[in-house]
Amino acid sequence: RAGLAFAQEMNFTLQGKITQHTDKKLTVNTEGNILFHVAYNENTTITRPDGTSGTPKDLQVGKSIHVDGDLQESGEIAAHKIEILKEAPKH
């Protein structure tokens, strides 16, 4: 039974900037320049900065996002929820 723990997906959150967006996959650069690969699907909730619901078209390169998902054995994050963060005001 103890061995099953590793097969379980681990709940995972991350925040960073989208550096690449291919078919249903995002590359996200987090603090410390660590890259994560985030996969999403039609069940993933995407939220715009104003709280309205978004679409994959809103997930543009350069946008900062907060992701809630599961860390898969492959190292990829399967996103349940992707929140697009408000842009910091440009000075």
# chains A, B, ... in the order shown; residues from 1 in each chain; ligands from 1
$ residues_around --residues "Ala39 in chain A" --least-positions-apart "4" --cutoff "12 Å" --atoms "only C-alpha atoms" --output "ChimeraX atom specification"
/A:20-28,43-44,56,67-72,74-82
$ select_by_dssp --residues "range 24-82 of chain A" --states "strand (DSSP E)" --output "PyMOL selection string"
chain A and resi 25-30+34-39+45-47+64-71+77-82
$ write_last_selection --atoms "N, CA and C atoms" --output "tab-separated table (two decimals), in the first residue's frame"
chain	number	residue	atom	x	y	z
A	25	LYS	N	-0.39	23.41	-24.33
A	25	LYS	CA	0.75	23.34	-23.41
A	25	LYS	C	1.37	24.72	-23.29
A	26	LEU	N	1.76	25.04	-22.05
A	26	LEU	CA	2.42	26.31	-21.77
A	26	LEU	C	3.79	26.02	-21.18
A	27	THR	N	4.76	26.85	-21.52
A	27	THR	CA	6.02	26.82	-20.81
A	27	THR	C	5.99	28.07	-19.93
A	28	VAL	N	6.20	27.87	-18.63
A	28	VAL	CA	6.09	28.96	-17.67
A	28	VAL	C	7.43	29.12	-16.96
A	29	ASN	N	7.94	30.36	-16.95
A	29	ASN	CA	9.20	30.68	-16.31
A	29	ASN	C	8.88	31.26	-14.93
A	30	THR	N	9.29	30.55	-13.87
A	30	THR	CA	8.98	30.99	-12.51
A	30	THR	C	10.17	31.71	-11.90
A	34	ILE	N	13.17	28.97	-13.29
A	34	ILE	CA	12.87	27.54	-13.43
A	34	ILE	C	11.70	27.42	-14.41
A	35	LEU	N	11.87	26.59	-15.42
A	35	LEU	CA	10.82	26.41	-16.42
A	35	LEU	C	9.94	25.22	-16.06
A	36	PHE	N	8.63	25.44	-16.15
A	36	PHE	CA	7.68	24.35	-15.95
A	36	PHE	C	6.85	24.19	-17.20
A	37	HIS	N	6.47	22.96	-17.48
A	37	HIS	CA	5.57	22.69	-18.61
A	37	HIS	C	4.20	22.42	-18.02
A	38	VAL	N	3.24	23.20	-18.47
A	38	VAL	CA	1.88	23.13	-17.95
A	38	VAL	C	0.95	22.69	-19.08
A	39	ALA	N	0.21	21.62	-18.86
A	39	ALA	CA	-0.75	21.15	-19.85
A	39	ALA	C	-2.15	21.52	-19.36
A	45	THR	N	-10.09	25.46	-15.79
A	45	THR	CA	-10.73	26.76	-15.63
A	45	THR	C	-9.70	27.84	-15.89
A	46	ILE	N	-10.00	28.76	-16.80
A	46	ILE	CA	-9.10	29.88	-17.09
A	46	ILE	C	-9.81	31.15	-16.66
A	47	THR	N	-9.13	31.95	-15.83
A	47	THR	CA	-9.74	33.17	-15.32
A	47	THR	C	-8.92	34.38	-15.71
A	64	SER	N	1.59	36.93	-16.99
A	64	SER	CA	1.89	36.24	-15.73
A	64	SER	C	0.66	35.46	-15.31
A	65	ILE	N	0.89	34.22	-14.88
A	65	ILE	CA	-0.24	33.37	-14.49
A	65	ILE	C	0.04	32.67	-13.17
A	66	HIS	N	-1.04	32.23	-12.55
A	66	HIS	CA	-0.98	31.40	-11.34
A	66	HIS	C	-1.68	30.10	-11.72
A	67	VAL	N	-1.01	28.98	-11.51
A	67	VAL	CA	-1.54	27.68	-11.92
A	67	VAL	C	-1.77	26.80	-10.70
A	68	ASP	N	-2.94	26.17	-10.63
A	68	ASP	CA	-3.21	25.11	-9.66
A	68	ASP	C	-3.37	23.84	-10.46
A	69	GLY	N	-2.64	22.80	-10.07
A	69	GLY	CA	-2.76	21.56	-10.82
A	69	GLY	C	-2.11	20.40	-10.11
A	70	ASP	N	-1.86	19.36	-10.87
A	70	ASP	CA	-1.22	18.16	-10.34
A	70	ASP	C	0.13	17.99	-11.01
A	71	LEU	N	1.12	17.68	-10.20
A	71	LEU	CA	2.44	17.39	-10.74
A	71	LEU	C	2.43	15.92	-11.15
A	77	ILE	N	2.92	19.68	-15.36
A	77	ILE	CA	1.82	20.04	-14.46
A	77	ILE	C	0.52	19.94	-15.25
A	78	ALA	N	-0.44	19.16	-14.75
A	78	ALA	CA	-1.77	19.10	-15.37
A	78	ALA	C	-2.62	20.15	-14.66
A	79	ALA	N	-2.94	21.23	-15.37
A	79	ALA	CA	-3.61	22.38	-14.74
A	79	ALA	C	-5.10	22.14	-14.56
A	80	HIS	N	-5.59	22.45	-13.34
A	80	HIS	CA	-7.04	22.46	-13.09
A	80	HIS	C	-7.53	23.88	-13.28
A	81	LYS	N	-6.69	24.82	-12.85
A	81	LYS	CA	-7.10	26.22	-12.84
A	81	LYS	C	-5.90	27.08	-13.25
A	82	ILE	N	-6.13	28.00	-14.19
A	82	ILE	CA	-5.10	28.95	-14.58
A	82	ILE	C	-5.67	30.34	-14.41
$ atom_distance --atom1 "CA of Thr55 in chain A" --atom2 "CA of Leu14 in chain A"
19.3 Å
$ select_by_dssp --residues "range 12-82 of chain A" --states "helix (DSSP H, G or I)" --output "JSON, numbers by chain"
{"A": [31, 32, 33, 56, 57, 58]}
$ write_last_selection --atoms "N, CA and C atoms" --output "PDB file, in the first residue's frame"
ATOM      1  N   GLU A  31       9.999  32.168 -10.682  1.00  0.00           N
ATOM      2  CA  GLU A  31      11.092  32.804  -9.943  1.00  0.00           C
ATOM      3  C   GLU A  31      12.312  31.905  -9.998  1.00  0.00           C
ATOM      4  N   GLY A  32      13.475  32.474 -10.120  1.00  0.00           N
ATOM      5  CA  GLY A  32      14.681  31.662 -10.148  1.00  0.00           C
ATOM      6  C   GLY A  32      14.897  31.015 -11.508  1.00  0.00           C
ATOM      7  N   ASN A  33      14.160  31.516 -12.529  1.00  0.00           N
ATOM      8  CA  ASN A  33      14.324  31.019 -13.898  1.00  0.00           C
ATOM      9  C   ASN A  33      14.118  29.521 -14.051  1.00  0.00           C
ATOM     10  N   PRO A  56      -8.262  29.774 -23.887  1.00  0.00           N
ATOM     11  CA  PRO A  56      -6.843  29.589 -24.187  1.00  0.00           C
ATOM     12  C   PRO A  56      -6.234  30.763 -24.961  1.00  0.00           C
ATOM     13  N   LYS A  57      -7.060  31.485 -25.734  1.00  0.00           N
ATOM     14  CA  LYS A  57      -6.548  32.653 -26.468  1.00  0.00           C
ATOM     15  C   LYS A  57      -6.008  33.734 -25.532  1.00  0.00           C
ATOM     16  N   ASP A  58      -6.509  33.738 -24.288  1.00  0.00           N
ATOM     17  CA  ASP A  58      -6.048  34.736 -23.306  1.00  0.00           C
ATOM     18  C   ASP A  58      -4.673  34.395 -22.749  1.00  0.00           C
TER      19      ASP A  58
END
$ atom_distance --atom1 "CA of Lys63 in chain A" --atom2 "CA of Pro89 in chain A"
13.0 Å
$ atom_distance --atom1 "CA of Glu83 in chain A" --atom2 "CA of Asn11 in chain A"
16.1 Å
